[in-house]
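Text of the file protein-v2.cif, holding mmCIF, C-alpha atoms and all ligand atoms:
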```
data_my_file
loop_
_atom_site.label_atom_id
_atom_site.label_comp_id
_atom_site.auth_asym_id
_atom_site.auth_seq_id
_atom_site.Cartn_x
_atom_site.Cartn_y
_atom_site.Cartn_z
CA MET A 7 -57.39 -31.09 -32.40
CA GLU A 8 -53.64 -31.03 -31.75
CA VAL A 9 -52.34 -33.32 -28.97
CA GLY A 10 -50.36 -30.45 -27.37
CA ASN A 11 -53.48 -28.28 -27.24
CA SER A 12 -55.70 -30.95 -25.76
CA PHE A 13 -53.10 -31.66 -23.06
CA LYS A 14 -52.98 -27.96 -22.22
CA GLU A 15 -56.77 -27.83 -22.03
CA LEU A 16 -56.82 -30.88 -19.77
CA GLU A 17 -54.16 -29.31 -17.55
CA GLU A 18 -56.18 -26.08 -17.41
CA SER A 19 -59.38 -27.89 -16.48
CA VAL A 20 -57.61 -29.93 -13.74
CA MET A 21 -56.25 -26.65 -12.34
CA GLN A 22 -59.70 -25.02 -12.44
CA ASP A 23 -61.09 -28.02 -10.51
CA MET A 24 -58.32 -27.78 -7.88
CA LEU A 25 -58.95 -24.05 -7.46
CA LYS A 26 -62.51 -24.85 -6.42
CA THR A 27 -61.09 -26.58 -3.33
CA TYR A 28 -57.61 -25.15 -2.70
CA SER A 29 -56.01 -21.70 -2.74
CA GLU A 30 -53.39 -20.88 -5.38
CA GLU A 31 -50.76 -20.81 -2.61
CA ALA A 32 -51.66 -24.33 -1.40
CA ILE A 33 -51.64 -25.70 -4.96
CA ASP A 34 -48.26 -24.09 -5.63
CA HIS A 35 -46.70 -25.65 -2.49
CA PHE A 36 -48.26 -29.01 -3.33
CA LEU A 37 -47.05 -29.02 -6.95
CA ASN A 38 -43.65 -27.38 -6.23
CA PRO A 39 -42.80 -28.36 -2.66
CA ARG A 40 -39.98 -26.35 -1.07
CA ASN A 41 -37.36 -27.99 1.17
CA LEU A 42 -38.24 -31.58 0.32
CA GLY A 43 -35.67 -34.11 1.56
CA GLN A 44 -33.38 -34.92 4.46
CA ILE A 45 -30.47 -33.15 6.13
CA GLU A 46 -27.55 -35.37 6.95
CA SER A 47 -26.68 -35.40 10.70
CA PRO A 48 -29.38 -32.82 11.50
CA ASP A 49 -29.30 -30.65 14.63
CA GLY A 50 -32.99 -31.45 15.13
CA PHE A 51 -35.14 -34.28 13.82
CA GLY A 52 -38.77 -35.15 14.45
CA ARG A 53 -41.10 -37.77 13.07
CA VAL A 54 -44.81 -37.80 13.85
CA THR A 55 -47.58 -40.05 12.60
CA GLY A 56 -51.05 -38.50 12.64
CA PRO A 57 -54.37 -40.21 13.38
CA CYS A 58 -54.87 -40.58 9.59
CA GLY A 59 -51.80 -42.89 9.55
CA ASP A 60 -49.59 -40.50 7.56
CA THR A 61 -46.13 -39.57 8.77
CA MET A 62 -44.12 -36.39 8.52
CA GLU A 63 -40.43 -35.90 9.27
CA ILE A 64 -38.73 -32.54 9.74
CA TYR A 65 -34.98 -31.91 9.78
CA LEU A 66 -33.24 -28.80 11.10
CA ARG A 67 -29.85 -27.22 10.75
CA VAL A 68 -29.31 -24.65 13.49
CA ASN A 69 -26.50 -22.16 13.77
CA GLY A 70 -26.15 -19.70 16.64
CA GLY A 71 -29.76 -20.32 17.67
CA ARG A 72 -31.09 -19.56 14.15
CA ILE A 73 -32.53 -22.10 11.75
CA THR A 74 -30.33 -21.98 8.70
CA ASN A 75 -32.00 -24.91 6.92
CA ALA A 76 -35.17 -26.94 7.35
CA THR A 77 -36.43 -29.83 5.25
CA PHE A 78 -39.30 -32.29 5.39
CA LEU A 79 -40.49 -35.64 4.08
CA THR A 80 -44.00 -37.02 4.19
CA GLY A 81 -45.78 -40.08 2.91
CA GLY A 82 -49.04 -38.21 3.21
CA CYS A 83 -51.55 -36.51 0.97
CA GLY A 84 -51.23 -33.36 -1.19
CA PRO A 85 -52.25 -31.02 1.66
CA SER A 86 -49.60 -32.60 3.92
CA ILE A 87 -46.95 -31.90 1.26
CA ALA A 88 -48.17 -28.28 1.04
CA SER A 89 -48.16 -28.04 4.86
CA GLY A 90 -44.63 -29.46 5.26
CA SER A 91 -43.41 -27.17 2.51
CA MET A 92 -44.98 -24.11 4.13
CA ALA A 93 -43.93 -25.05 7.69
CA THR A 94 -40.28 -25.34 6.66
CA GLU A 95 -40.47 -22.06 4.69
CA LEU A 96 -41.96 -20.28 7.70
CA ILE A 97 -39.10 -21.26 10.05
CA LYS A 98 -36.06 -20.70 7.85
CA GLY A 99 -34.00 -17.85 9.28
CA LYS A 100 -36.10 -17.82 12.45
CA SER A 101 -35.01 -18.50 16.04
CA ILE A 102 -35.79 -21.82 17.74
CA VAL A 103 -38.33 -20.07 19.99
CA GLU A 104 -40.12 -18.62 16.96
CA ALA A 105 -40.17 -22.05 15.33
CA GLN A 106 -41.54 -23.63 18.49
CA ASN A 107 -44.48 -21.22 18.36
CA ILE A 108 -45.54 -22.03 14.78
CA SER A 109 -49.06 -23.41 15.01
CA GLN A 110 -51.49 -25.25 12.79
CA ASP A 111 -53.27 -21.91 12.27
CA ASN A 112 -50.06 -20.17 11.17
CA ILE A 113 -49.53 -22.85 8.52
CA LEU A 114 -53.17 -22.77 7.43
CA ASN A 115 -53.15 -18.97 7.15
CA ALA A 116 -49.92 -18.95 5.15
CA LEU A 117 -51.44 -21.51 2.78
CA GLY A 118 -54.56 -19.40 2.30
CA GLY A 119 -56.55 -22.06 4.18
CA LEU A 120 -57.30 -25.72 3.52
CA PRO A 121 -60.69 -27.40 3.29
CA GLU A 122 -62.10 -28.60 6.62
CA GLU A 123 -61.29 -32.25 5.94
CA SER A 124 -57.59 -31.42 5.24
CA GLN A 125 -56.92 -29.11 8.16
CA HIS A 126 -55.48 -31.95 10.22
CA CYS A 127 -52.68 -32.21 7.62
CA ALA A 128 -51.44 -28.78 8.77
CA LEU A 129 -51.66 -30.04 12.36
CA LEU A 130 -49.43 -32.96 11.42
CA ALA A 131 -46.81 -30.49 10.11
CA ALA A 132 -47.11 -28.30 13.25
CA ASN A 133 -46.75 -31.36 15.51
CA ALA A 134 -43.77 -32.67 13.54
CA LEU A 135 -42.17 -29.25 13.90
CA LYS A 136 -42.75 -29.21 17.68
CA GLU A 137 -41.21 -32.68 17.96
CA THR A 138 -38.20 -31.53 15.90
CA VAL A 139 -37.64 -28.49 18.12
CA ARG A 140 -38.01 -30.69 21.22
CA ASP A 141 -35.36 -33.03 19.78
CA TYR A 142 -33.05 -30.10 19.02
CA LEU A 143 -33.38 -28.77 22.57
CA ALA A 144 -32.85 -32.21 24.11
CA PHE A 145 -29.48 -32.65 22.37
CA LYS A 146 -28.36 -29.03 22.08
CA ASN A 147 -25.91 -29.15 24.97
CA GLU A 148 -24.76 -32.74 24.51
CA PRO A 149 -24.92 -33.46 20.79
CA TRP A 150 -22.72 -36.56 21.17
CA LYS A 151 -25.67 -38.27 22.90
CA ARG A 152 -27.44 -38.27 19.53
CA LEU A 153 -25.12 -41.10 18.48
CA TYR A 154 -26.83 -43.30 21.07
CA LYS A 155 -30.38 -42.28 20.28
CA VAL A 156 -32.70 -45.09 19.25
CA HIS A 157 -35.10 -43.92 16.50
FE1 LIG A 201 -53.04 -37.77 6.34
FE2 LIG A 201 -53.41 -35.48 4.97
S1 LIG A 201 -54.72 -37.20 5.05
S2 LIG A 201 -51.81 -36.01 6.32
#
```
Starting from the coordinates I provided, produce the structure as structure tokens.
Amino acid sequence: MEVGNSFKELEESVMQDMLKTYSEEAIDHFLNPRNLGQIESPDGFGRVTGPCGDTMEIYLRVNGGRITNATFLTGGCGPSIASGSMATELIKGKSIVEAQNISQDNILNALGGLPEESQHCALLAANALKETVRDYLAFKNEPWKRLYKVH
């Protein structure tokens, strides 16, 4: 058997196994996360650690009340990567109010669901997003105060 072929077969069987647990959408966002990284001097920043001990950070760039860029970082599991990726995709181009209303369910639905034991990973993303919006609103009118913020 050729090495290339056996690697492809292995890859295929790993994918088939993942599809037993996760939707294609969730796997895609986990393997090819969108918006991964930081934004320098963001207009909104939130960091939340969930009960599982994993942390997610979300960064926003806001222009005229619209979110022109959103990124995330997480030290968490695969589903948290998929959730951060989807959460940031869902809010790009949206207003701050729309972003504030994104819930765990919205993220789960957009991902085609997550298994019961991973649903809290979508909650971590939703909570990080709420914290980021709260931060944006707190500094919106006096952005210079951000210089004195203790993280
Ligand atoms: Fe902690 Fe998924 S297990 S975020």
Ligand LIG 201 (chain A) neighbours within 7 Å using only C-alpha atoms and all ligand atoms, as a PyMOL selection string: chain A and resi 56+58-60+82-86+124+126-127+130
Expected residue set, 8 Å radius at (-34.0, -28.9, 6.1), only C-alpha atoms, as a list in words: Asn41, Leu42, Gly43, Gln44, Ile45, Ile64, Tyr65, Leu66, Arg67, Asn75, Ala76, Thr77, Phe78 and Thr94 of chain A
Residues within 6 Å of Gly118 of chain A, only C-alpha atoms, excluding chain neighbours under 2 positions, as number ranges by chain: A: 29, 115-116
Pick from A:Met24, A:Leu96, A:Leu129, A:Val139, whichever lies nearest to Thr61 of chain A using all atoms listed in the file: A:Leu129
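Taking atom CA of Gly52 of chain A and atom CA of Lys136 of chain A as endpoints, the distance between them is 7.8 Å.
The nearest approach to Gly50 of chain A among the residues A:Ser91, A:Asn147, A:Thr138, A:Gln125, with all atoms listed in the file taken into account, belongs to A:Thr138.
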Go ahead and fit an axis-aligned box to every listed atom of segment 33-44 of chain A plus 8 Å each side, and pass me the centre and edge lengths in Å, one decimal, as lines of an AutoDock Vina configuration file.
```
center_x = -42.5
center_y = -29.5
center_z = -1.2
size_x = 34.3
size_y = 26.8
size_z = 27.4
```
10 Å contact set for Ile97 of chain A, all atoms listed in the file, chain neighbours under 4 positions out, as a list in words: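 Using all atoms listed in the file, the neighbours found are Leu66, Arg72, Ile73, Thr74, Asn75, Ala76, Met92, Ala93, Ser101, Ile102, Glu104, Ala105, Gln106, Asn107, Ile108 and Leu135 of chain A.
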Pairwise distance for atom CA of Leu120 of chain A and atom CA of Asp34 of chain A, rounded to one decimal in Å: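 Calculated distance between atom CA of Leu120 of chain A and atom CA of Asp34 of chain A is 13.0 Å.
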Interatomic distance (Å, one decimal) between atom CA of Lys155 of chain A and atom CA of Glu46 of chain A: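 Computed distance, atom CA of Lys155 of chain A to atom CA of Glu46 of chain A, equals 15.3 Å.
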Nearest to Leu143 of chain A, chosen from A:Ala128, A:Ile33, A:Leu117, A:Val68, with all atoms listed in the file counted in the distances: A:Val68
Residue with smallest distance to Phe36 of chain A - pool A:Ile113, A:Ala88, A:Ala134, A:Leu16, counting all atoms listed in the file: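 Checking each of A:Ile113, A:Ala88, A:Ala134, A:Leu16 against Phe36 of chain A, counting all atoms listed in the file, the winner is A:Ala88.
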Selected residue, from A:Lys26, A:Lys151, A:Arg40, A:Arg53, that lies nearest to Asn133 of chain A when counting only C-alpha atoms: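 Distance minimum relative to Asn133 of chain A lands on A:Arg53.
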